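Read the structure below first, then the notes.
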Amino acid sequence: MKDSRITLNILSSSLNVLVMVLIVFVLLKAGEVAYEMGFRVFTEPAMDASPGRDVAVRVEKEMSGLELGSVLEEKKLVDNGVLFAIQLRLSAYAGKLKAGTYTLNTSQTAVEMIRLLAGEGTEDTEE
């Protein structure tokens with residue numbers, strides 16, 4: 001009876017240690033992913049080196065940042081549409097994009113594209 005209790009305590013302790021190690025591993029992995037995403041928000045490079053290629057993009061009046069990010073990702077202007085939406089949300093231009101058709105370039109960074117889409121460039125926009 002005593003031997004079975006000792007065995008049960010050892011198994012219970014081993015299981016607790018295993019669960020703790022698993023929790024620590026998951027937390028470290030989540031931290032790594034969060035750090036990488038946070039780092040990329042502020043340092044994401046352009047898709048191509050200059051001169052790049054021009055791509056026409058149509059921005060609709062009520063388009064969300066995620067929708068725009070998806071369009072830019074499909075057209076290979078950004079690597080990650082969700083990351084672009086986060087960059088837009090954190091920028092001074094959140095909610096200030098103007099509808100219209102824009103010619104963006106794969107050598108532009110997300111920040112440069114956001115500025116252009118907010119009307120700081122020379123593209124035609126619709127009010």
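Within each chain, counting starts at residue 1; across the structure tokens, chains are named A, B, ... in the order shown, with ligands numbered 1 upward in that order.
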DSSP-assigned helix (DSSP H, G or I) members of region 51-114 of chain A, reported as number ranges by chain: A: 65-74, 81-90, 110-114
DSSP strand (DSSP E) residues within chain A, as a PyMOL selection string: chain A and resi 54-59+100-105
Long-range neighbours of Ala118 (chain A) as a list of chain:residue names, 6 Å cut-off, only C-alpha atoms, 4 positions minimum in chain: A:Lys96, A:Leu97, A:Lys98
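The environment of Asp79 (chain A) within 9 Å, counting only C-alpha atoms and disregarding residues fewer than 6 places along the same chain, consists of Glu44, Ala46, Met47, Leu72 and Glu73 of chain A.
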Ser107 (chain A) environment, 10 Å, only C-alpha atoms, sequence neighbours closer than 3 positions dropped, as a list in words: Pro45, Ala46, Met47, Asp48, Ala49, Ser50, Pro51, Gly52, Arg53, Asp54, Leu77, Val78, Leu104, Ala110, Glu112 and Met113 of chain A
Residues near Val41 (chain A), cut-off 10 Å, only C-alpha atoms, skip fewer than 2 positions along chain, as a list in words: Tyr35, Glu36, Met37, Gly38, Phe39, Thr43, Glu44, Pro45, Leu83, Phe84, Ala85, Ile86, Gln87, Leu88, Leu90, Ala110 and Val111 of chain A
Could you please take those selected residues and save all heavy atoms as a compact mmCIF listing (two decimals), in the first residue's frame?
# COMPACT_ATOMS: atom_id res chain seq x y z
N TYR A 35 7.41 38.94 -30.26
CA TYR A 35 8.55 39.81 -30.49
C TYR A 35 8.82 39.97 -31.98
O TYR A 35 9.05 41.08 -32.46
CB TYR A 35 9.80 39.26 -29.79
CG TYR A 35 11.03 40.07 -30.10
CD1 TYR A 35 11.28 41.26 -29.41
CD2 TYR A 35 11.92 39.69 -31.09
CE1 TYR A 35 12.39 42.03 -29.71
CE2 TYR A 35 13.04 40.45 -31.39
CZ TYR A 35 13.26 41.62 -30.69
OH TYR A 35 14.36 42.38 -31.00
N GLU A 36 8.79 38.86 -32.70
CA GLU A 36 9.05 38.92 -34.15
C GLU A 36 8.02 39.79 -34.84
O GLU A 36 8.36 40.61 -35.69
CB GLU A 36 9.04 37.51 -34.75
CG GLU A 36 9.33 37.51 -36.23
CD GLU A 36 9.24 36.13 -36.85
OE1 GLU A 36 9.46 35.13 -36.15
OE2 GLU A 36 8.96 36.06 -38.06
N MET A 37 6.74 39.63 -34.49
CA MET A 37 5.69 40.42 -35.11
C MET A 37 5.86 41.90 -34.75
O MET A 37 5.76 42.76 -35.62
CB MET A 37 4.32 39.93 -34.66
CG MET A 37 3.17 40.67 -35.30
SD MET A 37 3.06 40.39 -37.06
CE MET A 37 1.72 39.26 -37.09
N GLY A 38 6.14 42.19 -33.48
CA GLY A 38 6.36 43.57 -33.07
C GLY A 38 7.55 44.19 -33.76
O GLY A 38 7.50 45.35 -34.19
N PHE A 39 8.61 43.44 -33.90
CA PHE A 39 9.80 43.93 -34.59
C PHE A 39 9.49 44.23 -36.05
O PHE A 39 9.88 45.27 -36.58
CB PHE A 39 10.93 42.89 -34.48
CG PHE A 39 12.22 43.33 -35.09
CD1 PHE A 39 13.05 44.22 -34.43
CD2 PHE A 39 12.60 42.86 -36.33
CE1 PHE A 39 14.25 44.63 -35.00
CE2 PHE A 39 13.79 43.26 -36.91
CZ PHE A 39 14.61 44.15 -36.23
N THR A 43 9.97 47.53 -38.72
CA THR A 43 11.16 47.40 -39.55
C THR A 43 10.94 46.61 -40.84
O THR A 43 11.91 46.22 -41.47
CB THR A 43 12.29 46.71 -38.76
OG1 THR A 43 11.86 45.39 -38.41
CG2 THR A 43 12.68 47.50 -37.53
N GLU A 44 9.71 46.38 -41.23
CA GLU A 44 9.43 45.56 -42.41
C GLU A 44 10.02 46.22 -43.66
O GLU A 44 9.68 47.35 -43.99
CB GLU A 44 7.92 45.36 -42.57
CG GLU A 44 7.54 44.38 -43.63
CD GLU A 44 7.80 42.93 -43.27
OE1 GLU A 44 8.25 42.65 -42.16
OE2 GLU A 44 7.56 42.08 -44.12
N PRO A 45 10.88 45.52 -44.38
CA PRO A 45 11.48 46.11 -45.59
C PRO A 45 10.52 46.01 -46.78
O PRO A 45 9.49 45.33 -46.72
CB PRO A 45 12.71 45.23 -45.82
CG PRO A 45 12.32 43.90 -45.26
CD PRO A 45 11.44 44.21 -44.08
N LEU A 83 -0.06 42.12 -41.00
CA LEU A 83 1.00 43.00 -40.52
C LEU A 83 0.80 44.41 -41.07
O LEU A 83 0.95 45.39 -40.34
CB LEU A 83 2.37 42.45 -40.91
CG LEU A 83 3.56 43.25 -40.44
CD1 LEU A 83 3.66 43.22 -38.92
CD2 LEU A 83 4.84 42.69 -41.04
N PHE A 84 0.43 44.52 -42.35
CA PHE A 84 0.16 45.84 -42.93
C PHE A 84 -0.98 46.52 -42.20
O PHE A 84 -0.91 47.72 -41.90
CB PHE A 84 -0.18 45.72 -44.43
CG PHE A 84 -0.52 47.04 -45.05
CD1 PHE A 84 0.47 47.88 -45.51
CD2 PHE A 84 -1.84 47.46 -45.15
CE1 PHE A 84 0.16 49.12 -46.06
CE2 PHE A 84 -2.16 48.69 -45.69
CZ PHE A 84 -1.16 49.52 -46.15
N ALA A 85 -2.05 45.77 -41.90
CA ALA A 85 -3.19 46.35 -41.18
C ALA A 85 -2.77 46.87 -39.80
O ALA A 85 -3.23 47.92 -39.36
CB ALA A 85 -4.31 45.31 -41.05
N ILE A 86 -1.88 46.14 -39.13
CA ILE A 86 -1.38 46.59 -37.83
C ILE A 86 -0.54 47.86 -38.00
O ILE A 86 -0.67 48.81 -37.22
CB ILE A 86 -0.56 45.48 -37.15
CG1 ILE A 86 -1.48 44.31 -36.78
CG2 ILE A 86 0.17 46.00 -35.91
CD1 ILE A 86 -0.74 43.06 -36.34
N GLN A 87 0.32 47.87 -39.03
CA GLN A 87 1.14 49.06 -39.29
C GLN A 87 0.24 50.27 -39.56
O GLN A 87 0.51 51.36 -39.07
CB GLN A 87 2.07 48.81 -40.47
CG GLN A 87 3.17 47.83 -40.17
CD GLN A 87 3.93 47.39 -41.41
OE1 GLN A 87 3.33 47.11 -42.44
NE2 GLN A 87 5.24 47.34 -41.30
N LEU A 88 -0.81 50.06 -40.33
CA LEU A 88 -1.74 51.14 -40.64
C LEU A 88 -2.43 51.61 -39.37
O LEU A 88 -2.52 52.82 -39.11
CB LEU A 88 -2.78 50.67 -41.66
CG LEU A 88 -3.90 51.65 -41.98
CD1 LEU A 88 -3.34 52.94 -42.56
CD2 LEU A 88 -4.88 51.01 -42.96
N LEU A 90 -1.41 51.50 -36.30
CA LEU A 90 -0.48 52.19 -35.41
C LEU A 90 0.06 53.50 -35.99
O LEU A 90 0.71 54.26 -35.28
CB LEU A 90 0.69 51.27 -35.05
CG LEU A 90 0.33 50.03 -34.23
CD1 LEU A 90 1.56 49.15 -34.06
CD2 LEU A 90 -0.26 50.41 -32.89
N ALA A 110 5.88 49.64 -46.44
CA ALA A 110 4.47 49.80 -46.04
C ALA A 110 4.21 51.24 -45.60
O ALA A 110 3.16 51.81 -45.91
CB ALA A 110 4.13 48.82 -44.94
N VAL A 111 5.14 51.83 -44.89
CA VAL A 111 4.97 53.21 -44.41
C VAL A 111 4.85 54.17 -45.60
O VAL A 111 4.00 55.07 -45.59
CB VAL A 111 6.15 53.62 -43.48
CG1 VAL A 111 6.08 55.09 -43.12
CG2 VAL A 111 6.14 52.76 -42.23
Closest of A:Gly95, A:Gly81, A:Asn9, A:Ala34 to Met63 (chain A) - atom-to-atom distances counting only C-alpha atoms: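 Comparing A:Gly95, A:Gly81, A:Asn9, A:Ala34 against Met63 (chain A), the winner is A:Gly95.
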Distance criterion (only C-alpha atoms): nearest to Thr103 (chain A) out of A:Leu66, A:Leu8, A:Ala30, A:Leu117: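 Nearest candidate to Thr103 (chain A) out of A:Leu66, A:Leu8, A:Ala30, A:Leu117: A:Leu117.
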Using only C-alpha atoms: which of A:Lys75, A:Arg40, A:Lys29, A:Lys2 has the shortest distance to Val57 (chain A):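 Smallest distance to Val57 (chain A) is found for A:Lys75.
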